[in-house]
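Dumped protein.csv below, it's CSV, C-alpha atoms:
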chain,number,residue,atom,x,y,z
A,1,MET,CA,-2.7,-85.8,64.1
A,2,HIS,CA,0.8,-84.5,63.5
A,3,GLU,CA,1.5,-83.9,67.2
A,4,LEU,CA,3.9,-86.8,67.5
A,5,ALA,CA,6.1,-85.5,64.7
A,6,LEU,CA,6.1,-82.1,66.3
A,7,SER,CA,7.0,-83.6,69.6
A,8,GLU,CA,10.0,-85.3,68.1
A,9,SER,CA,11.1,-82.0,66.6
A,10,ILE,CA,10.6,-80.1,69.9
A,11,VAL,CA,12.5,-82.6,71.9
A,12,HIS,CA,15.3,-82.5,69.4
A,13,THR,CA,15.4,-78.7,69.7
A,14,ALA,CA,15.4,-78.9,73.5
A,15,VAL,CA,18.3,-81.4,73.7
A,16,ARG,CA,20.3,-79.3,71.2
A,17,ALA,CA,19.7,-76.2,73.4
A,18,CYS,CA,21.6,-77.8,76.2
A,19,GLY,CA,24.5,-79.1,74.2
A,20,GLY,CA,23.1,-82.6,73.6
A,21,ASP,CA,23.0,-83.4,77.3
A,22,LYS,CA,19.5,-84.9,77.8
A,23,ALA,CA,19.9,-85.3,81.5
A,24,ARG,CA,20.1,-81.5,82.0
A,25,VAL,CA,16.8,-80.6,80.3
A,26,VAL,CA,14.5,-79.7,83.3
A,27,ALA,CA,11.6,-78.3,81.4
A,28,VAL,CA,10.4,-77.3,77.9
A,29,GLY,CA,8.1,-74.3,77.4
A,30,ILE,CA,5.9,-74.5,74.3
A,31,ASP,CA,3.5,-71.9,72.9
A,32,VAL,CA,0.6,-73.4,70.9
A,33,GLY,CA,-1.3,-70.9,68.7
A,34,VAL,CA,-5.1,-71.3,68.7
A,35,LEU,CA,-5.0,-71.4,64.9
A,36,SER,CA,-2.1,-73.8,64.7
A,37,ALA,CA,-4.3,-76.9,64.0
A,38,VAL,CA,-2.6,-78.5,67.0
A,39,ALA,CA,-4.4,-79.8,70.1
A,40,PRO,CA,-2.6,-78.8,73.3
A,41,ALA,CA,-3.7,-81.9,75.2
A,42,THR,CA,-2.6,-84.2,72.4
A,43,LEU,CA,0.7,-82.4,72.1
A,44,GLU,CA,1.2,-82.8,75.8
A,45,PHE,CA,0.4,-86.5,75.6
A,46,CYS,CA,2.8,-87.0,72.6
A,47,MET,CA,5.6,-84.9,74.3
A,48,ARG,CA,5.4,-87.2,77.4
A,49,LEU,CA,5.6,-90.2,75.1
A,50,VAL,CA,8.6,-89.0,73.2
A,51,LEU,CA,10.4,-87.7,76.4
A,52,ASP,CA,9.9,-91.0,78.2
A,53,GLU,CA,11.0,-93.0,75.2
A,54,SER,CA,14.1,-90.8,75.0
A,55,GLY,CA,15.0,-91.5,78.7
A,56,MET,CA,13.9,-88.0,79.7
A,57,THR,CA,11.2,-88.9,82.3
A,58,HIS,CA,12.6,-86.0,84.5
A,59,THR,CA,11.7,-83.3,81.9
A,60,GLN,CA,8.6,-81.3,82.5
A,61,VAL,CA,6.3,-80.1,79.6
A,62,ARG,CA,4.7,-76.6,80.0
A,63,ILE,CA,2.3,-75.7,77.3
A,64,SER,CA,0.6,-72.3,76.9
A,65,GLU,CA,-2.1,-71.6,74.4
A,66,THR,CA,-1.5,-68.3,72.6
A,67,PRO,CA,-4.3,-66.2,71.1
A,68,ALA,CA,-4.8,-65.3,67.5
A,69,VAL,CA,-3.5,-61.8,66.6
A,70,ALA,CA,-5.0,-59.9,63.7
A,71,ARG,CA,-3.5,-56.8,62.0
A,72,CYS,CA,-6.1,-54.5,60.5
A,73,GLU,CA,-5.5,-52.2,57.6
A,74,CYS,CA,-6.6,-49.3,59.9
A,75,GLY,CA,-3.3,-50.0,61.8
A,76,LEU,CA,-4.7,-51.8,64.8
A,77,ASP,CA,-3.3,-55.1,66.1
A,78,PHE,CA,-5.9,-56.9,68.1
A,79,GLU,CA,-6.8,-60.3,69.5
A,80,PRO,CA,-10.0,-61.4,67.7
A,81,GLY,CA,-12.3,-63.6,69.8
A,82,ASP,CA,-12.4,-65.9,66.8
A,83,ALA,CA,-11.3,-65.9,63.2
A,84,PHE,CA,-14.5,-64.2,62.1
A,85,ALA,CA,-14.5,-61.2,64.5
A,86,PRO,CA,-14.3,-57.7,62.9
A,87,CYS,CA,-11.7,-55.0,63.9
A,88,PRO,CA,-12.9,-53.4,67.2
A,89,GLN,CA,-11.6,-50.0,66.0
A,90,CYS,CA,-13.0,-49.7,62.5
A,91,GLY,CA,-15.4,-52.6,62.3
A,92,GLY,CA,-13.8,-53.8,59.1
A,93,PHE,CA,-12.6,-57.3,58.0
A,94,GLU,CA,-9.6,-56.1,56.0
A,95,ARG,CA,-7.3,-57.7,58.4
A,96,GLU,CA,-4.7,-60.3,58.3
A,97,ILE,CA,-4.0,-63.0,60.9
A,98,VAL,CA,-0.4,-62.4,62.0
A,99,GLY,CA,-0.2,-64.5,65.2
A,100,GLY,CA,-1.5,-67.7,66.8
A,101,MET,CA,-0.8,-69.9,63.8
A,102,ASP,CA,2.4,-71.5,64.9
A,103,VAL,CA,3.8,-73.9,67.5
A,104,THR,CA,6.9,-72.4,69.1
A,105,VAL,CA,9.5,-73.7,71.5
A,106,ARG,CA,9.7,-70.7,73.7
A,107,TYR,CA,12.3,-71.7,76.4
A,108,VAL,CA,14.2,-74.6,77.8
A,109,GLU,CA,15.2,-74.8,81.5
A,110,VAL,CA,18.6,-76.3,81.8
A,111,GLU,CA,20.3,-77.8,84.9
A,112,ASP,CA,23.7,-76.1,85.6
A,113,GLU,CA,26.7,-78.2,84.9
A,114,GLU,CA,28.3,-79.4,88.2
A,115,GLY,CA,31.7,-78.1,89.1
B,116,MET,CA,19.4,-73.7,86.8
B,117,ARG,CA,19.2,-71.4,83.8
B,118,LYS,CA,16.5,-70.6,81.3
B,119,VAL,CA,17.4,-70.7,77.7
B,120,ASP,CA,15.0,-68.5,75.7
B,121,LEU,CA,14.3,-69.7,72.3
B,122,VAL,CA,11.7,-68.7,69.8
B,123,GLU,CA,12.0,-71.6,67.4
B,124,SER,CA,9.1,-72.9,65.4
B,125,ALA,CA,8.4,-76.6,66.1
B,126,ARG,CA,7.8,-76.8,62.3
B,127,ARG,CA,11.2,-75.4,61.5
B,128,SER,CA,12.5,-78.5,59.8
B,129,ASN,CA,9.5,-78.7,57.6
B,130,ASP,CA,9.5,-74.9,56.9
B,131,THR,CA,13.2,-75.0,55.9
B,132,VAL,CA,12.5,-77.7,53.2
B,133,ALA,CA,9.3,-75.8,52.2
B,134,GLN,CA,11.3,-72.6,51.5
B,135,ARG,CA,13.8,-74.6,49.5
B,136,ASN,CA,10.9,-76.0,47.4
B,137,ARG,CA,9.6,-72.5,47.0
B,138,ASP,CA,12.9,-71.2,45.8
B,139,LEU,CA,13.2,-74.1,43.3
B,140,PHE,CA,9.7,-73.4,42.0
B,141,ALA,CA,10.5,-69.7,41.6
B,142,ARG,CA,13.7,-70.5,39.7
B,143,HIS,CA,11.8,-72.7,37.2
B,144,GLY,CA,8.8,-70.3,37.0
B,145,VAL,CA,6.3,-72.8,38.4
B,146,TYR,CA,3.2,-71.5,40.2
B,147,VAL,CA,2.1,-74.0,42.9
B,148,VAL,CA,-1.4,-74.6,44.3
B,149,ASN,CA,-1.8,-76.8,47.5
B,150,ILE,CA,-5.4,-78.2,47.3
B,151,ILE,CA,-7.0,-79.0,50.7
B,152,GLY,CA,-10.4,-80.5,51.3
B,153,SER,CA,-12.3,-83.4,52.8
B,154,PRO,CA,-12.3,-86.9,51.3
B,155,GLY,CA,-14.9,-86.9,48.5
B,156,CYS,CA,-15.3,-83.1,48.1
B,157,GLY,CA,-14.1,-83.2,44.5
B,158,LYS,CA,-10.5,-82.3,44.6
B,159,THR,CA,-9.5,-84.7,41.9
B,160,ALA,CA,-12.6,-84.0,39.8
B,161,ILE,CA,-11.6,-80.3,39.9
B,162,LEU,CA,-8.1,-81.2,38.6
B,163,GLU,CA,-9.6,-83.4,35.9
B,164,GLN,CA,-11.7,-80.5,34.6
B,165,THR,CA,-8.7,-78.3,34.8
B,166,ALA,CA,-6.5,-80.8,33.0
B,167,ARG,CA,-9.1,-81.2,30.2
B,168,HIS,CA,-10.1,-77.6,29.6
B,169,PHE,CA,-7.4,-75.2,30.9
B,170,ASP,CA,-4.9,-74.2,28.2
B,171,GLY,CA,-1.7,-74.5,30.2
B,172,SER,CA,1.1,-76.9,31.0
B,173,PHE,CA,0.9,-78.5,34.4
B,174,ALA,CA,1.7,-81.5,36.5
B,175,ALA,CA,0.1,-82.8,39.7
B,176,ILE,CA,1.3,-84.5,42.9
B,177,ILE,CA,-1.5,-86.5,44.6
B,178,GLY,CA,-1.4,-87.4,48.2
B,179,ASP,CA,-3.5,-90.3,49.6
B,180,VAL,CA,-3.2,-92.5,52.6
B,181,LYS,CA,-3.5,-95.6,50.4
B,182,THR,CA,-3.6,-96.3,46.6
B,183,ALA,CA,-2.6,-94.3,43.6
B,184,LEU,CA,-6.2,-94.3,42.2
B,185,ASP,CA,-6.5,-90.5,42.0
B,186,ALA,CA,-3.1,-90.1,40.3
B,187,GLU,CA,-4.2,-92.6,37.8
B,188,ARG,CA,-7.4,-90.7,37.1
B,189,LEU,CA,-5.3,-87.6,36.3
B,190,ALA,CA,-2.8,-89.6,34.3
B,191,ASP,CA,-5.8,-90.7,32.2
B,192,CYS,CA,-6.3,-87.0,31.4
B,193,GLY,CA,-2.9,-86.9,29.9
B,194,ILE,CA,-0.9,-85.0,32.6
B,195,ASP,CA,2.1,-86.0,34.6
B,196,ALA,CA,0.6,-87.0,37.9
B,197,ARG,CA,2.8,-88.4,40.7
B,198,PRO,CA,1.2,-90.3,43.6
B,199,ILE,CA,2.5,-90.0,47.2
B,200,GLU,CA,1.1,-92.8,49.4
B,201,THR,CA,1.5,-91.6,52.9
B,202,GLY,CA,0.7,-95.0,54.4
B,203,GLY,CA,-1.3,-93.5,57.3
B,204,SER,CA,-0.2,-89.9,57.7
B,205,CYS,CA,-3.1,-87.4,57.3
B,206,HIS,CA,-1.2,-84.7,55.4
B,207,LEU,CA,1.7,-84.2,53.1
B,208,ASN,CA,5.0,-82.6,54.2
B,209,ALA,CA,7.6,-80.5,52.4
B,210,ALA,CA,10.2,-83.3,52.3
B,211,GLN,CA,7.8,-85.6,50.5
B,212,ILE,CA,7.2,-82.9,47.9
B,213,ALA,CA,11.0,-82.3,47.6
B,214,SER,CA,11.7,-85.9,46.8
B,215,VAL,CA,9.0,-86.0,44.1
B,216,ILE,CA,9.9,-82.7,42.4
B,217,ALA,CA,13.6,-83.8,42.2
B,218,GLN,CA,12.4,-86.4,39.6
B,219,MET,CA,10.3,-83.9,37.6
B,220,ASP,CA,11.1,-81.6,34.7
B,221,LEU,CA,9.9,-78.3,36.2
B,222,ASP,CA,10.9,-76.3,33.1
B,223,ALA,CA,8.2,-78.2,31.2
B,224,ILE,CA,5.4,-76.9,33.3
B,225,ASP,CA,3.8,-73.5,34.4
B,226,PHE,CA,1.7,-74.9,37.2
B,227,LEU,CA,2.0,-77.7,39.8
B,228,PHE,CA,-1.1,-78.8,41.6
B,229,ILE,CA,-0.6,-80.6,44.9
B,230,GLU,CA,-3.6,-82.5,46.0
B,231,ASN,CA,-3.3,-83.0,49.7
B,232,VAL,CA,-4.6,-85.9,51.7
B,233,GLY,CA,-8.4,-85.5,52.3
B,234,ASN,CA,-8.5,-83.7,55.6
B,235,LEU,CA,-9.6,-80.1,56.7
B,236,VAL,CA,-7.2,-79.9,59.7
B,237,CYS,CA,-3.6,-81.1,59.5
B,238,PRO,CA,-2.7,-80.1,55.9
B,239,SER,CA,-3.7,-76.5,56.6
B,240,ALA,CA,-0.7,-75.9,58.9
B,241,LEU,CA,2.1,-77.5,56.9
B,242,ASP,CA,3.8,-75.4,54.3
B,243,LEU,CA,4.9,-77.3,51.2
B,244,GLY,CA,6.4,-74.4,49.4
B,245,GLU,CA,3.2,-73.5,47.5
B,246,ASN,CA,2.1,-70.0,46.2
B,247,VAL,CA,-1.4,-70.5,47.4
B,248,LYS,CA,-3.6,-72.8,49.4
B,249,ALA,CA,-6.9,-73.7,47.7
B,250,ALA,CA,-9.6,-75.0,50.0
B,251,VAL,CA,-12.4,-77.2,48.5
B,252,LEU,CA,-15.8,-77.5,50.2
B,253,SER,CA,-18.8,-79.3,48.7
B,254,VAL,CA,-22.4,-78.5,49.2
B,255,PRO,CA,-23.4,-81.9,50.8
B,256,GLU,CA,-20.9,-81.3,53.6
B,257,GLY,CA,-23.0,-78.5,55.0
B,258,ASP,CA,-22.6,-74.7,55.1
B,259,GLU,CA,-20.9,-74.4,58.5
B,260,LYS,CA,-17.5,-75.8,57.6
B,261,VAL,CA,-15.7,-72.4,57.3
B,262,ARG,CA,-16.7,-71.7,60.9
B,263,LYS,CA,-15.7,-75.2,62.1
B,264,TYR,CA,-12.2,-75.3,60.5
B,265,PRO,CA,-10.9,-71.7,60.9
B,266,ALA,CA,-7.2,-72.8,60.8
B,267,LEU,CA,-7.6,-73.7,57.1
B,268,PHE,CA,-9.8,-70.7,56.1
B,269,VAL,CA,-7.5,-68.0,57.6
B,270,ARG,CA,-4.8,-69.4,55.3
B,271,ALA,CA,-6.6,-70.2,52.1
B,272,ASP,CA,-6.4,-67.7,49.2
B,273,VAL,CA,-8.8,-69.7,47.1
B,274,LEU,CA,-12.0,-71.4,47.9
B,275,PHE,CA,-14.0,-73.8,45.7
B,276,ILE,CA,-17.6,-74.4,46.6
B,277,ASN,CA,-18.0,-77.6,44.6
B,278,LYS,CA,-21.1,-79.8,43.8
B,279,ILE,CA,-23.0,-76.6,43.4
B,280,ASP,CA,-25.4,-78.5,41.2
B,281,LEU,CA,-26.7,-80.3,44.3
B,282,ILE,CA,-27.8,-77.1,46.0
B,283,GLU,CA,-31.5,-77.6,45.3
B,284,HIS,CA,-31.3,-80.9,47.2
B,285,CYS,CA,-29.4,-79.7,50.3
B,286,PRO,CA,-30.1,-77.0,52.9
B,287,TYR,CA,-27.1,-74.9,52.0
B,288,ASP,CA,-26.6,-71.1,52.3
B,289,VAL,CA,-23.9,-70.1,49.8
B,290,GLU,CA,-24.0,-66.5,50.9
B,291,ARG,CA,-23.2,-67.6,54.5
B,292,VAL,CA,-20.2,-69.6,53.3
B,293,ARG,CA,-19.0,-66.7,51.1
B,294,ALA,CA,-19.4,-64.2,54.0
B,295,ASP,CA,-17.6,-66.5,56.5
B,296,ALA,CA,-14.8,-67.1,54.1
B,297,GLN,CA,-14.3,-63.4,53.4
B,298,LYS,CA,-14.3,-62.7,57.2
B,299,ALA,CA,-11.7,-65.4,57.8
B,300,ARG,CA,-9.5,-64.2,54.9
B,301,SER,CA,-10.3,-60.9,53.3
B,302,GLY,CA,-9.9,-61.0,49.5
B,303,VAL,CA,-10.2,-64.8,49.1
B,304,SER,CA,-11.1,-65.8,45.5
B,305,ILE,CA,-14.2,-68.0,45.6
B,306,PHE,CA,-15.3,-70.3,42.7
B,307,GLU,CA,-18.7,-72.1,42.6
B,308,THR,CA,-18.2,-75.2,40.6
B,309,SER,CA,-19.8,-78.5,39.6
B,310,ALA,CA,-16.8,-80.6,38.7
B,311,THR,CA,-18.9,-83.6,37.5
B,312,ARG,CA,-20.8,-81.3,35.1
B,313,GLY,CA,-17.8,-79.1,34.2
B,314,GLU,CA,-19.7,-75.9,35.2
B,315,GLY,CA,-18.3,-72.8,36.8
B,316,PHE,CA,-14.7,-73.3,35.8
B,317,GLU,CA,-14.1,-70.2,33.6
B,318,PRO,CA,-13.4,-67.9,36.6
B,319,TRP,CA,-10.9,-70.4,38.0
B,320,PHE,CA,-9.2,-70.6,34.6
B,321,GLU,CA,-9.1,-66.8,34.5
B,322,PHE,CA,-7.5,-66.8,37.9
B,323,LEU,CA,-4.8,-69.3,36.7
B,324,ARG,CA,-4.2,-67.1,33.6
B,325,SER,CA,-3.7,-64.1,35.9
B,326,VAL,CA,-1.2,-65.8,38.1
B,327,ARG,CA,0.6,-67.6,35.3
B,328,PRO,CA,4.3,-66.8,35.6
B,329,GLY,CA,4.6,-63.6,33.6
B,330,GLY,CA,1.0,-62.8,34.2
B,331,THR,CA,-0.5,-60.2,36.6
B,332,ALA,CA,-1.2,-61.3,40.1
B,333,PRO,CA,-4.8,-60.9,41.2
Could you show the structure in this file as structure tokens?
Amino acid sequence: MHELALSESIVHTAVRACGGDKARVVAVGIDVGVLSAVAPATLEFCMRLVLDESGMTHTQVRISETPAVARCECGLDFEPGDAFAPCPQCGGFEREIVGGMDVTVRYVEVEDEEG
Amino acid sequence: MRKVDLVESARRSNDTVAQRNRDLFARHGVYVVNIIGSPGCGKTAILEQTARHFDGSFAAIIGDVKTALDAERLADCGIDARPIETGGSCHLNAAQIASVIAQMDLDAIDFLFIENVGNLVCPSALDLGENVKAAVLSVPEGDEKVRKYPALFVRADVLFINKIDLIEHCPYDVERVRADAQKARSGVSIFETSATRGEGFEPWFEFLRSVRPGGTAP
């Protein structure tokens, strides 16, 4: 359960992206990899908690789950159905997981400054 | 309204410190193993066997929610073992490691073993600056754990199947565990051990000799 600490880090990143002006953060887009060991529903709950505590009740949270990506030694990049699926091209298991392991702040929507 | 595109890891603050730890370990020639497994799977017992029978200089950092009991067990084996009491957190982070290693003489050791808090989920995703993650499973836990916790097993370069002496008492398919682990991470080094009996450790010691700074990587 490290979603709360992650949420604090994400909110910090979002606020920094709009020059420290919390009031202008309209939405935060977050990608959660399926192999990140982070539960999207729990992250959403914690994000709401941290945003509300920070006086950012107006900020929306948009979470997308991103698939695992494996790179096979035969050269193919593919999305394995799970961590145990073989390469669909060569049938081998000599592949490395190269995506779907991280939690990424993908974008921040920022209200334009007035005037 | 404008959209600011970022691709920033939410773990960036941890990863930055982890990389600093890694650079420090490399400068001092220390090989670091991050040991991850359930409570009671035998992480500390594996380190006790290593401390008693492996011919190398090492220290340990032991994470627990509460108490320094495991660190005391290792100190009894005559090694420098530092406890980190997380007070509730289910995993160690890179900053906790940084503050402990700042107090250690890294030139005096070849290996640092970091025993993470007993948990198969959260510790897997947080980089501490280690060279390898070593997962520990034990026979009584059941043979489906690799399937159930893929986030750990796609990252672990080493897997212990511990309490192997209990295999005749438990329905446990070692070949299934080995096959699942190889599918999750091709090339994973697997060691079948009984830490209480001190059996099966020679291949693990051979692994450590091969990765010892100045040795040949496996």
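Within 7 Å of the point (-16.4, -67.9, 61.0), counting all atoms listed in the file, the protein and nucleic acid residues come to Ala83 and Phe84 of chain A; Val261, Arg262, Pro265, Asp295, Lys298 and Ala299 of chain B.
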Could you build a table of the residues in chain B lying no more than 9 Å from chain A, giving for each the nearest pair of atoms and their separation in Å rounded to one decimal place, using only C-alpha atoms, ordered by chain and ascending residue number, as CSV?
residue,atom,partner,partner_atom,distance
B:Met116,CA,A:Glu111,CA,4.6
B:Arg117,CA,A:Val110,CA,5.3
B:Lys118,CA,A:Glu109,CA,4.4
B:Val119,CA,A:Val108,CA,5.0
B:Asp120,CA,A:Tyr107,CA,4.2
B:Leu121,CA,A:Arg106,CA,4.9
B:Val122,CA,A:Arg106,CA,4.8
B:Glu123,CA,A:Val105,CA,5.2
B:Ser124,CA,A:Thr104,CA,4.3
B:Ala125,CA,A:Thr104,CA,5.4
B:Arg126,CA,A:Leu6,CA,6.9
B:Arg127,CA,A:Ser9,CA,8.3
B:Ser128,CA,A:Ser9,CA,7.8
B:Ser204,CA,A:His2,CA,8.0
B:Cys205,CA,A:Met1,CA,7.0
B:His206,CA,A:His2,CA,8.3
B:Val236,CA,A:Ala37,CA,6.0
B:Cys237,CA,A:Ala37,CA,6.2
B:Pro238,CA,A:Ala37,CA,8.9
B:Ser239,CA,A:Ala37,CA,7.4
B:Ala240,CA,A:Ala37,CA,6.3
B:Arg262,CA,A:Phe84,CA,7.9
B:Tyr264,CA,A:Ala37,CA,8.8
B:Pro265,CA,A:Ala83,CA,6.3
B:Ala266,CA,A:Leu35,CA,4.9
B:Leu267,CA,A:Ala37,CA,8.3
B:Phe268,CA,A:Ala83,CA,8.7
B:Val269,CA,A:Ile97,CA,6.9
B:Arg270,CA,A:Ile97,CA,8.5
B:Asp295,CA,A:Phe84,CA,6.8
B:Ala296,CA,A:Phe84,CA,8.5
B:Gln297,CA,A:Phe93,CA,7.8
B:Lys298,CA,A:Phe84,CA,5.1
B:Ala299,CA,A:Phe84,CA,5.3
B:Arg300,CA,A:Glu96,CA,7.1
B:Ser301,CA,A:Glu94,CA,5.6
B:Gly302,CA,A:Glu94,CA,8.1
> So how many Å separate CA of His143 in chain B and CA of Asp222 in chain B, to one decimal?
Replying inline: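 Going from CA of His143 in chain B over to CA of Asp222 in chain B, I get 5.5 Å.
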>> If we draw a sphere of 8 Å around (-6.6, -80.7, 45.3), which residues have at least one atom in it when counting all atoms listed in the file? Please report them as a PyMOL selection string.
In response: chain B and resi 149-152+157-159+161-162+177+228-231+249-251
> What separation in Å, quoted to one decimal, exists between CA of Glu283 in chain B and CA of Glu163 in chain B?
Replying inline: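 Computing it gives 24.5 Å between the two atoms.
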> Skipping near chain neighbours, those fewer than 3 positions away, what residues fall within 7 Å of Gln164 in chain B using all atoms listed in the file, listed as a ChimeraX atom specification?
Replying inline: /B:160-161,167-168,310,313
Pull C-alpha atoms from the residues just selected and write them as a CSV table (one decimal), in the coordinates of the input.
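The resulting out_18.csv:
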chain,number,residue,atom,x,y,z
B,160,ALA,CA,-12.6,-84.0,39.8
B,161,ILE,CA,-11.6,-80.3,39.9
B,167,ARG,CA,-9.1,-81.2,30.2
B,168,HIS,CA,-10.1,-77.6,29.6
B,310,ALA,CA,-16.8,-80.6,38.7
B,313,GLY,CA,-17.8,-79.1,34.2
> So what do you get for CA of Ile224 in chain B versus CA of Tyr146 in chain B, distance-wise?
Replying inline: 9.0 Å
> Leaving out Val147 in chain B and any residue of its chain fewer than 3 positions from it, which residues lie within 6 Å of it when counting all atoms listed in the file, given as a PyMOL selection string?
Replying inline: chain B and resi 226-228+245-246
Find the residues near Val69 in chain A: any atom within 7 Å, counting only C-alpha atoms, skip ones fewer than 5 places away on the same chain, and give them as a compact mmCIF listing (two decimals) with C-alpha atoms, keeping the file's coordinate frame.
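The file below, out31.txt, is the result:
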# COMPACT_ATOMS: atom_id res chain seq x y z
CA ASP A 77 -3.30 -55.10 66.10
CA PHE A 78 -5.90 -56.90 68.10
CA GLU A 79 -6.80 -60.30 69.50
CA PRO A 80 -10.00 -61.40 67.70
CA ILE A 97 -4.00 -63.00 60.90
CA VAL A 98 -0.40 -62.40 62.00
CA GLY A 99 -0.20 -64.50 65.20
CA GLY A 100 -1.50 -67.70 66.80
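Residues in contact with Val50 in chain A at 9 Å, where all atoms listed in the file are counted and same-chain residues fewer than 3 positions away are skipped, are listed as Leu4, Ser7, Glu8, Val11, Phe45, Cys46, Met47, Glu53, Ser54, Gly55 and Met56 of chain A.
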Write the residues you've just listed into a file as a short mmCIF file (atom, residue, chain, number, x, y, z; two decimals), keeping the file's coordinate frame, and include C-alpha atoms for each of them.
data_model
loop_
_atom_site.label_atom_id
_atom_site.label_comp_id
_atom_site.auth_asym_id
_atom_site.auth_seq_id
_atom_site.Cartn_x
_atom_site.Cartn_y
_atom_site.Cartn_z
CA LEU A 4 3.90 -86.80 67.50
CA SER A 7 7.00 -83.60 69.60
CA GLU A 8 10.00 -85.30 68.10
CA VAL A 11 12.50 -82.60 71.90
CA PHE A 45 0.40 -86.50 75.60
CA CYS A 46 2.80 -87.00 72.60
CA MET A 47 5.60 -84.90 74.30
CA GLU A 53 11.00 -93.00 75.20
CA SER A 54 14.10 -90.80 75.00
CA GLY A 55 15.00 -91.50 78.70
CA MET A 56 13.90 -88.00 79.70
#
With all heavy atoms as the target, complete range 88-93 of chain A and hand it back as a PDB file, in the coordinates of the input.
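The result, written out as part-v8.pdb:
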ATOM      1  N   PRO A  88     -12.145 -54.199  66.173  1.00  0.00           N
ATOM      2  CA  PRO A  88     -12.900 -53.400  67.200  1.00  0.00           C
ATOM      3  C   PRO A  88     -12.804 -51.927  66.979  1.00  0.00           C
ATOM      4  O   PRO A  88     -13.620 -51.169  67.503  1.00  0.00           O
ATOM      5  CB  PRO A  88     -12.303 -53.874  68.500  1.00  0.00           C
ATOM      6  CG  PRO A  88     -10.944 -54.353  68.163  1.00  0.00           C
ATOM      7  CD  PRO A  88     -11.006 -54.888  66.765  1.00  0.00           C
ATOM      8  N   GLN A  89     -11.812 -51.474  66.207  1.00  0.00           N
ATOM      9  CA  GLN A  89     -11.600 -50.000  66.000  1.00  0.00           C
ATOM     10  C   GLN A  89     -12.426 -49.496  64.833  1.00  0.00           C
ATOM     11  O   GLN A  89     -13.144 -48.511  64.953  1.00  0.00           O
ATOM     12  CB  GLN A  89     -10.131 -49.733  65.819  1.00  0.00           C
ATOM     13  CG  GLN A  89      -9.770 -48.266  65.738  1.00  0.00           C
ATOM     14  CD  GLN A  89      -8.269 -48.057  65.894  1.00  0.00           C
ATOM     15  OE1 GLN A  89      -7.750 -47.974  67.005  1.00  0.00           O
ATOM     16  NE2 GLN A  89      -7.568 -48.003  64.772  1.00  0.00           N
ATOM     17  N   CYS A  90     -12.346 -50.198  63.688  1.00  0.00           N
ATOM     18  CA  CYS A  90     -13.000 -49.700  62.500  1.00  0.00           C
ATOM     19  C   CYS A  90     -14.182 -50.544  62.032  1.00  0.00           C
ATOM     20  O   CYS A  90     -14.919 -50.167  61.125  1.00  0.00           O
ATOM     21  CB  CYS A  90     -12.002 -49.514  61.345  1.00  0.00           C
ATOM     22  SG  CYS A  90     -11.438 -51.074  60.644  1.00  0.00           S
ATOM     23  N   GLY A  91     -14.323 -51.738  62.638  1.00  0.00           N
ATOM     24  CA  GLY A  91     -15.400 -52.600  62.300  1.00  0.00           C
ATOM     25  C   GLY A  91     -15.237 -53.375  60.991  1.00  0.00           C
ATOM     26  O   GLY A  91     -16.106 -54.128  60.560  1.00  0.00           O
ATOM     27  N   GLY A  92     -14.057 -53.221  60.384  1.00  0.00           N
ATOM     28  CA  GLY A  92     -13.800 -53.800  59.100  1.00  0.00           C
ATOM     29  C   GLY A  92     -13.245 -55.263  59.198  1.00  0.00           C
ATOM     30  O   GLY A  92     -12.875 -55.724  60.277  1.00  0.00           O
ATOM     31  N   PHE A  93     -13.184 -55.910  58.038  1.00  0.00           N
ATOM     32  CA  PHE A  93     -12.600 -57.300  58.000  1.00  0.00           C
ATOM     33  C   PHE A  93     -11.356 -57.324  57.155  1.00  0.00           C
ATOM     34  O   PHE A  93     -10.846 -58.386  56.860  1.00  0.00           O
ATOM     35  CB  PHE A  93     -13.671 -58.233  57.397  1.00  0.00           C
ATOM     36  CG  PHE A  93     -14.810 -58.509  58.339  1.00  0.00           C
ATOM     37  CD1 PHE A  93     -15.985 -57.783  58.258  1.00  0.00           C
ATOM     38  CD2 PHE A  93     -14.684 -59.479  59.329  1.00  0.00           C
ATOM     39  CE1 PHE A  93     -17.028 -58.028  59.137  1.00  0.00           C
ATOM     40  CE2 PHE A  93     -15.728 -59.732  60.207  1.00  0.00           C
ATOM     41  CZ  PHE A  93     -16.901 -59.004  60.116  1.00  0.00           C
TER      42      PHE A  93
END
